[in-house]
Amino acid sequence: MTVGAGISVADGNLVVLGNTVLHDVHENIVVTAATGGALVNGGFIGVRSAQNGSRRVFPIGKLEGLRFMCVFRFKMWWMTQRMGDCGQDIPFETQFMIVEARDGSSIDHGSKDGMDQSPLYVVFLPILEGDFRAVLQGNEQNELELCLESGDPAVEDFEGSHLVFVAAGPDPFDVITNAVKTVEKHLQTFCHRERKKMPDMLNWFGWCTWDAFYTDVTSEGVKEGLESLEKGGISPKFVIIDDGWQSVSMDPTGIECIADNSANFANRLTNIKENHKFQKDGKEGHRVEDPALGLRHIVGEIKDQHAIKYVYVWHAITGYWGGVKPGVTEMEHYESKLAYPVSSPGVQSNEPCDCLKSITTNGLGLVNPEKVLNFYNELHSYLASAGIDGVKVDVQNILETLGAGHGGRVKLARKYHQALEASISRNFPDNGIISCMSHNTDGLYSAKRTAVIRASDDFWPRDQASHTIHIASVAYNTIFLGEFMQPDWDMFHSVHPMAEYHGAARAVGGCAIYVSDKPGHHDFTLLKKLVLPDGSILRAKLPGRPTRDCLFSDPTRDGKSLLKIWNLNELNGVVGVFNCQGAGWCKVGKKNLIHDENPSTITGVIRAKDVDYLPRVADDTWTGDTVIFSHLGGEVVYLPKDAAIPITLKSREYEVFTVVPVKELHNGVKFAPIGLMEMFNSGGAIKEMNYDFKTSTSVVVKVRGCGLFGAYSSARPKRITVDLQEIEFRYEEGSGLVTISLKVPVQELYLWNITIEL
């Protein structure tokens, strides 16, 4: 028998806190207790093997009859979710898995042994060990397998004792967080999200050039996009100048590969400075050397004329899609050499990729890993001197295919990520970086500073199947990714058949909110549900994740489940509900497919406990009663503890609920501030509330923004003042809804002091 804390292998079973999770466990599987971590009930799975190799697959044991959810790479770059109940349902390239070892349903049925039958969740985290990376997969015998790879045929020796961290507990979100923190202490190569500096651009509305212009973006186009939004009363405060600003060209013998969005994957970087489109009066084929006439002129202009706070630009982690062109004047000192990617069998078994195919055909100009810090620093220092505040660093997973001759994929990725983060720290003091196309654990377990990561495959405006898939993927991926960084749920179009659906999801995601509208194509009514007049947003506090009762149901394929996504604000919670049925990634066709043209209308329920951490923002006197406000329905419902209300959604419909703990004052009046009722995340406007429930009959609420402010009160208020000035209010006897109108504040991020006498 081998034993970790609360976890053991005995009699051929992997037993977790008395529950068998795997059976027919192989004799070479060992468990080692975790030491000094954040979790009591955790241990490492390892293997004993006399044979080494650069790629090995080890069966662990059989998983049968237990529900699980995992996230796996369906493409080289991106993950999505899969649900199942046996080992053969586990896909290749699974990087995270949570198993329902005990569902706790007997508690709801009044079991006398309720404490013993509380739910139990078991998390599996395949990690890095030395120069090797571990992932999970299943086989036809329902065995959970461990795949171990170095990415370099010359790197074959591994220890094998700490390959998968396993942790367990009654709260799934706490177990996941504490498991990642324990691995953080074990590896000491990355930092948990909570320890990272979040860039301020997350708190402001933004605009990205990508879907507006693709690689045809110009400095004039940037100005046109900003002017177009401002005309409608929406002021972006950050801009991402995406692919299209760099100096690139193709090799004379290169094979062109232009994607449907116009990026040519065969191009290579020829200069760290901008191309002619971003030089003042620039002409193709002619370089302007004066820095004042380069990027600096357009960045300075949009910051001065449009009050832009942050400007980011795009680049690939290797410079450009095809890398840095070898032997180019002024670039020789980076010592780039052509390398040809070799992807792992697990990736090859999933969705094929035109980008990877092109790079594999044409090769990639890989900067010498010993020179890559110099490359990043020279690039970023030039950008910083032009007024750029950060970078979106794309194509990151390509590094895993280039490990041969460099000590393997883990070593190469770590070298590049350390250099990248050192340069960001030196040149962009607000930690200005967005990590993109980066869903592999080589990078996640090597990122000490990077705090923002794209959460899923792109927003594809013309792919009808993709939109419900996108929302489900960002939510489930966030369960894992959100422990490392703040997930970015991507740009979207405000004028689009699914625009409101996307916008509502961003509002509950805790993520940056930015669009990629073409100039003149904006839905300002929608945008004003997301953005305040000063350009700020009501961003929720945490990464938005599926509610506990959604963890193991499949909201895209099962025909009966809604997706609920929860988050916290300062004093309340928010839940977005989405009907995502009808489309999903097909494991046979290896692509996104609509499998049901007419998905059913589905009914689910909303409860206060859907907001898993709601007690953390309620005070000690909270009884469990809440007030729930529905954004589209406009209803205010008083919900006693453990009660539920139904929600019915047709295909591709959504609703957003604000969930507010009820306060009871000493005179018996019950009160709950809702927030700005015309915004998706109404409760995000409430920043503070003060009252003395023993003596006072007044509540003071600090609120950001403008428009219709609402609160629940069981009695008609006697008087309401805003910044000491008495104002008119409306009170609905039936619902208890109190509303007032807040004007647009002059000062940015201003907090109104609202006093309600009850």
# chains A, B, ... in the order shown; residues from 1 in each chain; ligands from 1
>>> residues_around(residues="stretch 299-303 of chain A", least_positions_apart="4", cutoff="8 Å", atoms="only C-alpha atoms", output="list in words")
Lys223, Leu295, Ala307, Ile308, Lys309, Val311, Ala386, Gly387 and Ile388 of chain A
>>> residues_around(residues="A:Val605", least_positions_apart="2", cutoff="8 Å", atoms="only C-alpha atoms", output="NGL selection string")
:A and (603 or 607 or 644-647)
>>> write_last_selection(atoms="all heavy atoms", output="tab-separated table (two decimals), in the first residue's frame")
chain	number	residue	atom	x	y	z
A	603	THR	N	-35.99	24.38	-18.96
A	603	THR	CA	-36.29	25.03	-17.68
A	603	THR	C	-35.31	24.55	-16.63
A	603	THR	O	-35.04	23.35	-16.51
A	603	THR	CB	-37.72	24.71	-17.23
A	603	THR	OG1	-38.64	25.26	-18.18
A	603	THR	CG2	-38.01	25.31	-15.86
A	607	ARG	N	-30.97	29.56	-7.51
A	607	ARG	CA	-30.95	29.58	-6.05
A	607	ARG	C	-29.83	30.49	-5.59
A	607	ARG	O	-28.85	30.69	-6.32
A	607	ARG	CB	-30.73	28.17	-5.51
A	607	ARG	CG	-31.85	27.21	-5.75
A	607	ARG	CD	-31.48	25.81	-5.34
A	607	ARG	NE	-30.63	25.18	-6.35
A	607	ARG	CZ	-30.77	23.92	-6.76
A	607	ARG	NH1	-31.70	23.16	-6.24
A	607	ARG	NH2	-29.97	23.43	-7.67
A	644	ALA	N	-36.04	28.32	-4.43
A	644	ALA	CA	-35.57	28.43	-5.81
A	644	ALA	C	-36.65	29.04	-6.67
A	644	ALA	O	-37.85	28.97	-6.35
A	644	ALA	CB	-35.18	27.05	-6.34
A	645	ILE	N	-36.24	29.66	-7.77
A	645	ILE	CA	-37.20	30.16	-8.75
A	645	ILE	C	-36.87	29.54	-10.10
A	645	ILE	O	-35.70	29.30	-10.42
A	645	ILE	CB	-37.21	31.70	-8.85
A	645	ILE	CG1	-35.82	32.24	-9.20
A	645	ILE	CG2	-37.72	32.33	-7.59
A	645	ILE	CD1	-35.80	33.72	-9.49
A	646	PRO	N	-37.89	29.25	-10.92
A	646	PRO	CA	-37.63	28.63	-12.22
A	646	PRO	C	-37.15	29.65	-13.25
A	646	PRO	O	-37.48	30.84	-13.17
A	646	PRO	CB	-38.99	28.05	-12.61
A	646	PRO	CG	-39.98	28.94	-11.92
A	646	PRO	CD	-39.32	29.39	-10.64
A	647	ILE	N	-36.38	29.17	-14.22
A	647	ILE	CA	-35.95	29.99	-15.35
A	647	ILE	C	-36.09	29.13	-16.60
A	647	ILE	O	-35.58	28.01	-16.66
A	647	ILE	CB	-34.51	30.50	-15.17
A	647	ILE	CG1	-33.97	31.12	-16.47
A	647	ILE	CG2	-33.57	29.41	-14.70
A	647	ILE	CD1	-34.61	32.42	-16.86
>>> closest_residue(among="A:Leu148, A:Ala475, A:Ile740, A:Leu399", to="A:Ala134", atoms="only C-alpha atoms")
A:Leu148
>>> residues_around(residues="A:Leu532", least_positions_apart="3", cutoff="8 Å", atoms="only C-alpha atoms", output="JSON, numbers by chain")
{"A": [234, 528, 535, 536, 537, 705, 706]}
>>> select_by_dssp(residues="stretch 315-396 of chain A", states="strand (DSSP E or B)", output="NGL selection string")
:A and (315-316 or 319 or 323-324 or 337-339 or 364-366 or 390-394)
>>> residues_around(residues="A:Thr32", least_positions_apart="5", cutoff="12 Å", atoms="only C-alpha atoms", output="list in words")
Met1, Thr2, Val3, Gly4, Ala5, Gly6, Ile7, Ser8, Val9, Asn41, Gly42, Gly43, Phe44, Ile45, Gly46, Val47, Gly160, Ser161, His162, Leu163, Val164, Phe165 and Val166 of chain A
>>> atom_distance(atom1="atom CA of A:Tyr340", atom2="atom CA of A:Leu366")
9.4 Å
>>> residues_around(residues="A:Met198", least_positions_apart="6", cutoff="12 Å", atoms="only C-alpha atoms", output="list in words")
Pro429, Asp430, Asn431, Gly432, Ile433, Ile434, Arg449, Thr450, Ala451, Val452, Ile453, Phe484, Met485, Gln486, Pro487, Gly510, Cys511, Ala512, Lys541 and Leu542 of chain A
>>> write_last_selection(atoms="C-alpha atoms", output="PDB file, in the first residue's frame")
ATOM      1  CA  PRO A 429       5.087  48.537 -15.305  1.00  0.00           C
ATOM      2  CA  ASP A 430       1.338  47.792 -15.205  1.00  0.00           C
ATOM      3  CA  ASN A 431       2.107  44.145 -16.064  1.00  0.00           C
ATOM      4  CA  GLY A 432       0.784  44.788 -19.553  1.00  0.00           C
ATOM      5  CA  ILE A 433       0.512  41.374 -21.166  1.00  0.00           C
ATOM      6  CA  ILE A 434      -2.314  39.178 -22.475  1.00  0.00           C
ATOM      7  CA  ARG A 449       3.889  37.169 -13.486  1.00  0.00           C
ATOM      8  CA  THR A 450       1.561  36.975 -16.502  1.00  0.00           C
ATOM      9  CA  ALA A 451      -1.923  37.679 -15.146  1.00  0.00           C
ATOM     10  CA  VAL A 452      -4.315  37.614 -18.133  1.00  0.00           C
ATOM     11  CA  ILE A 453      -4.955  34.681 -20.483  1.00  0.00           C
ATOM     12  CA  PHE A 484      -3.353  30.828 -12.877  1.00  0.00           C
ATOM     13  CA  MET A 485      -4.571  34.066 -14.464  1.00  0.00           C
ATOM     14  CA  GLN A 486      -7.676  36.179 -15.060  1.00  0.00           C
ATOM     15  CA  PRO A 487      -9.267  34.595 -18.138  1.00  0.00           C
ATOM     16  CA  GLY A 510     -14.985  39.036 -14.407  1.00  0.00           C
ATOM     17  CA  CYS A 511     -12.982  39.592 -17.583  1.00  0.00           C
ATOM     18  CA  ALA A 512     -11.979  42.487 -19.785  1.00  0.00           C
ATOM     19  CA  LYS A 541     -14.333  40.195  -8.685  1.00  0.00           C
ATOM     20  CA  LEU A 542     -13.520  36.618  -9.694  1.00  0.00           C
TER      21      LEU A 542
END
>>> residues_around(residues="stretch 693-704 of chain A", least_positions_apart="4", cutoff="10 Å", atoms="only C-alpha atoms", output="PyMOL selection string")
chain A and resi 532+536-538+621+663-669+671-673+675-676+683-689+709+717-723+742+744-745+748-758
>>> write_last_selection(atoms="N, CA and C atoms", output="short mmCIF file (atom, residue, chain, number, x, y, z; two decimals), in the first residue's frame")
data_model
loop_
_atom_site.label_atom_id
_atom_site.label_comp_id
_atom_site.auth_asym_id
_atom_site.auth_seq_id
_atom_site.Cartn_x
_atom_site.Cartn_y
_atom_site.Cartn_z
N LEU A 532 -19.96 52.32 -18.58
CA LEU A 532 -20.43 53.59 -18.02
C LEU A 532 -19.90 54.75 -18.85
N SER A 536 -15.50 53.20 -17.86
CA SER A 536 -15.23 52.10 -16.94
C SER A 536 -16.32 51.04 -17.06
N ILE A 537 -16.04 49.85 -16.53
CA ILE A 537 -17.00 48.76 -16.55
C ILE A 537 -17.24 48.29 -15.12
N LEU A 538 -18.34 47.58 -14.94
CA LEU A 538 -18.65 47.02 -13.62
C LEU A 538 -18.14 45.58 -13.59
N THR A 621 -24.69 38.34 10.34
CA THR A 621 -26.10 38.28 10.72
C THR A 621 -26.99 37.74 9.60
N LYS A 663 -30.46 42.27 4.38
CA LYS A 663 -30.10 42.79 5.70
C LYS A 663 -31.38 43.12 6.47
N GLU A 664 -31.38 42.82 7.76
CA GLU A 664 -32.53 43.19 8.59
C GLU A 664 -32.09 44.21 9.63
N LEU A 665 -32.73 45.38 9.61
CA LEU A 665 -32.41 46.44 10.56
C LEU A 665 -33.11 46.18 11.89
N HIS A 666 -32.75 46.97 12.91
CA HIS A 666 -33.28 46.68 14.25
C HIS A 666 -34.78 46.95 14.35
N ASN A 667 -35.34 47.75 13.42
CA ASN A 667 -36.78 47.99 13.43
C ASN A 667 -37.55 46.96 12.62
N GLY A 668 -36.85 45.92 12.15
CA GLY A 668 -37.50 44.84 11.44
C GLY A 668 -37.58 45.02 9.93
N VAL A 669 -37.18 46.18 9.43
CA VAL A 669 -37.21 46.41 7.98
C VAL A 669 -36.10 45.59 7.31
N PHE A 671 -33.78 44.90 3.94
CA PHE A 671 -33.24 45.77 2.89
C PHE A 671 -32.18 45.02 2.08
N ALA A 672 -32.15 45.28 0.77
CA ALA A 672 -31.13 44.68 -0.10
C ALA A 672 -30.89 45.61 -1.29
N PRO A 673 -29.69 46.20 -1.40
CA PRO A 673 -29.40 47.07 -2.54
C PRO A 673 -29.10 46.25 -3.79
N GLY A 675 -28.56 47.70 -7.24
CA GLY A 675 -27.55 48.34 -8.07
C GLY A 675 -28.16 49.06 -9.25
N LEU A 676 -27.37 49.20 -10.32
CA LEU A 676 -27.82 49.89 -11.53
C LEU A 676 -28.60 48.91 -12.39
N GLY A 683 -25.30 44.67 -9.72
CA GLY A 683 -24.71 44.75 -8.38
C GLY A 683 -23.27 45.17 -8.37
N GLY A 684 -22.60 45.15 -9.54
CA GLY A 684 -21.21 45.59 -9.59
C GLY A 684 -21.05 47.07 -9.30
N ALA A 685 -22.16 47.83 -9.35
CA ALA A 685 -22.08 49.27 -9.08
C ALA A 685 -21.97 49.57 -7.60
N ILE A 686 -22.34 48.62 -6.74
CA ILE A 686 -22.36 48.87 -5.29
C ILE A 686 -21.00 48.53 -4.71
N LYS A 687 -20.34 49.51 -4.15
CA LYS A 687 -18.98 49.33 -3.67
C LYS A 687 -18.88 49.25 -2.15
N GLU A 688 -19.90 49.75 -1.46
CA GLU A 688 -19.81 49.76 0.00
C GLU A 688 -21.22 49.97 0.58
N MET A 689 -21.46 49.41 1.76
CA MET A 689 -22.72 49.66 2.45
C MET A 689 -22.45 49.71 3.95
N PHE A 709 -31.08 53.39 -10.30
CA PHE A 709 -30.58 52.62 -9.17
C PHE A 709 -31.77 52.00 -8.44
N PRO A 717 -39.34 53.72 2.16
CA PRO A 717 -38.36 54.61 2.79
C PRO A 717 -39.01 55.93 3.20
N LYS A 718 -38.49 56.49 4.28
CA LYS A 718 -38.98 57.79 4.73
C LYS A 718 -38.34 58.93 3.93
N ARG A 719 -37.08 58.69 3.56
CA ARG A 719 -36.34 59.78 2.90
C ARG A 719 -35.11 59.17 2.24
N ILE A 720 -34.73 59.72 1.08
CA ILE A 720 -33.49 59.28 0.41
C ILE A 720 -32.70 60.52 0.01
N THR A 721 -31.42 60.51 0.33
CA THR A 721 -30.54 61.60 -0.11
C THR A 721 -29.39 61.02 -0.92
N VAL A 722 -28.95 61.80 -1.88
CA VAL A 722 -27.75 61.48 -2.67
C VAL A 722 -26.76 62.61 -2.47
N ASP A 723 -25.60 62.30 -1.90
CA ASP A 723 -24.61 63.33 -1.54
C ASP A 723 -25.27 64.45 -0.75
N LEU A 742 -29.85 58.36 -10.93
CA LEU A 742 -28.55 58.97 -10.68
C LEU A 742 -28.05 59.64 -11.95
N VAL A 744 -25.24 61.58 -14.49
CA VAL A 744 -23.87 61.25 -14.91
C VAL A 744 -22.90 62.08 -14.07
N PRO A 745 -22.00 61.44 -13.34
CA PRO A 745 -21.06 62.21 -12.52
C PRO A 745 -20.01 62.89 -13.38
N GLU A 748 -14.41 61.03 -12.85
CA GLU A 748 -14.20 59.63 -13.24
C GLU A 748 -14.21 58.72 -12.01
N LEU A 749 -14.88 57.59 -12.13
CA LEU A 749 -14.97 56.59 -11.06
C LEU A 749 -15.59 57.15 -9.78
N TYR A 750 -16.45 58.14 -9.94
CA TYR A 750 -17.05 58.80 -8.78
C TYR A 750 -17.99 57.85 -8.04
N LEU A 751 -17.99 57.95 -6.68
CA LEU A 751 -18.90 57.16 -5.85
C LEU A 751 -19.96 58.07 -5.24
N TRP A 752 -21.23 57.79 -5.56
CA TRP A 752 -22.33 58.50 -4.94
C TRP A 752 -22.56 57.96 -3.53
N ASN A 753 -22.86 58.85 -2.59
CA ASN A 753 -23.26 58.44 -1.25
C ASN A 753 -24.78 58.53 -1.15
N ILE A 754 -25.41 57.36 -1.13
CA ILE A 754 -26.87 57.30 -1.08
C ILE A 754 -27.29 56.89 0.33
N THR A 755 -28.05 57.75 0.99
CA THR A 755 -28.55 57.44 2.33
C THR A 755 -30.05 57.17 2.26
N ILE A 756 -30.45 56.00 2.73
CA ILE A 756 -31.85 55.60 2.69
C ILE A 756 -32.35 55.46 4.13
N GLU A 757 -33.29 56.30 4.52
CA GLU A 757 -33.85 56.27 5.87
C GLU A 757 -35.10 55.39 5.85
N LEU A 758 -35.11 54.38 6.70
CA LEU A 758 -36.18 53.36 6.68
C LEU A 758 -36.98 53.34 7.98
#
>>> atom_distance(atom1="atom CA of A:Pro170", atom2="atom CA of A:Ile628")
26.4 Å
>>> atom_distance(atom1="atom CA of A:Leu226", atom2="atom CA of A:Trp314")
18.0 Å
>>> closest_residue(among="A:Phe265, A:Phe213, A:Phe729, A:Phe74", to="A:Asp242", atoms="only C-alpha atoms")
A:Phe213
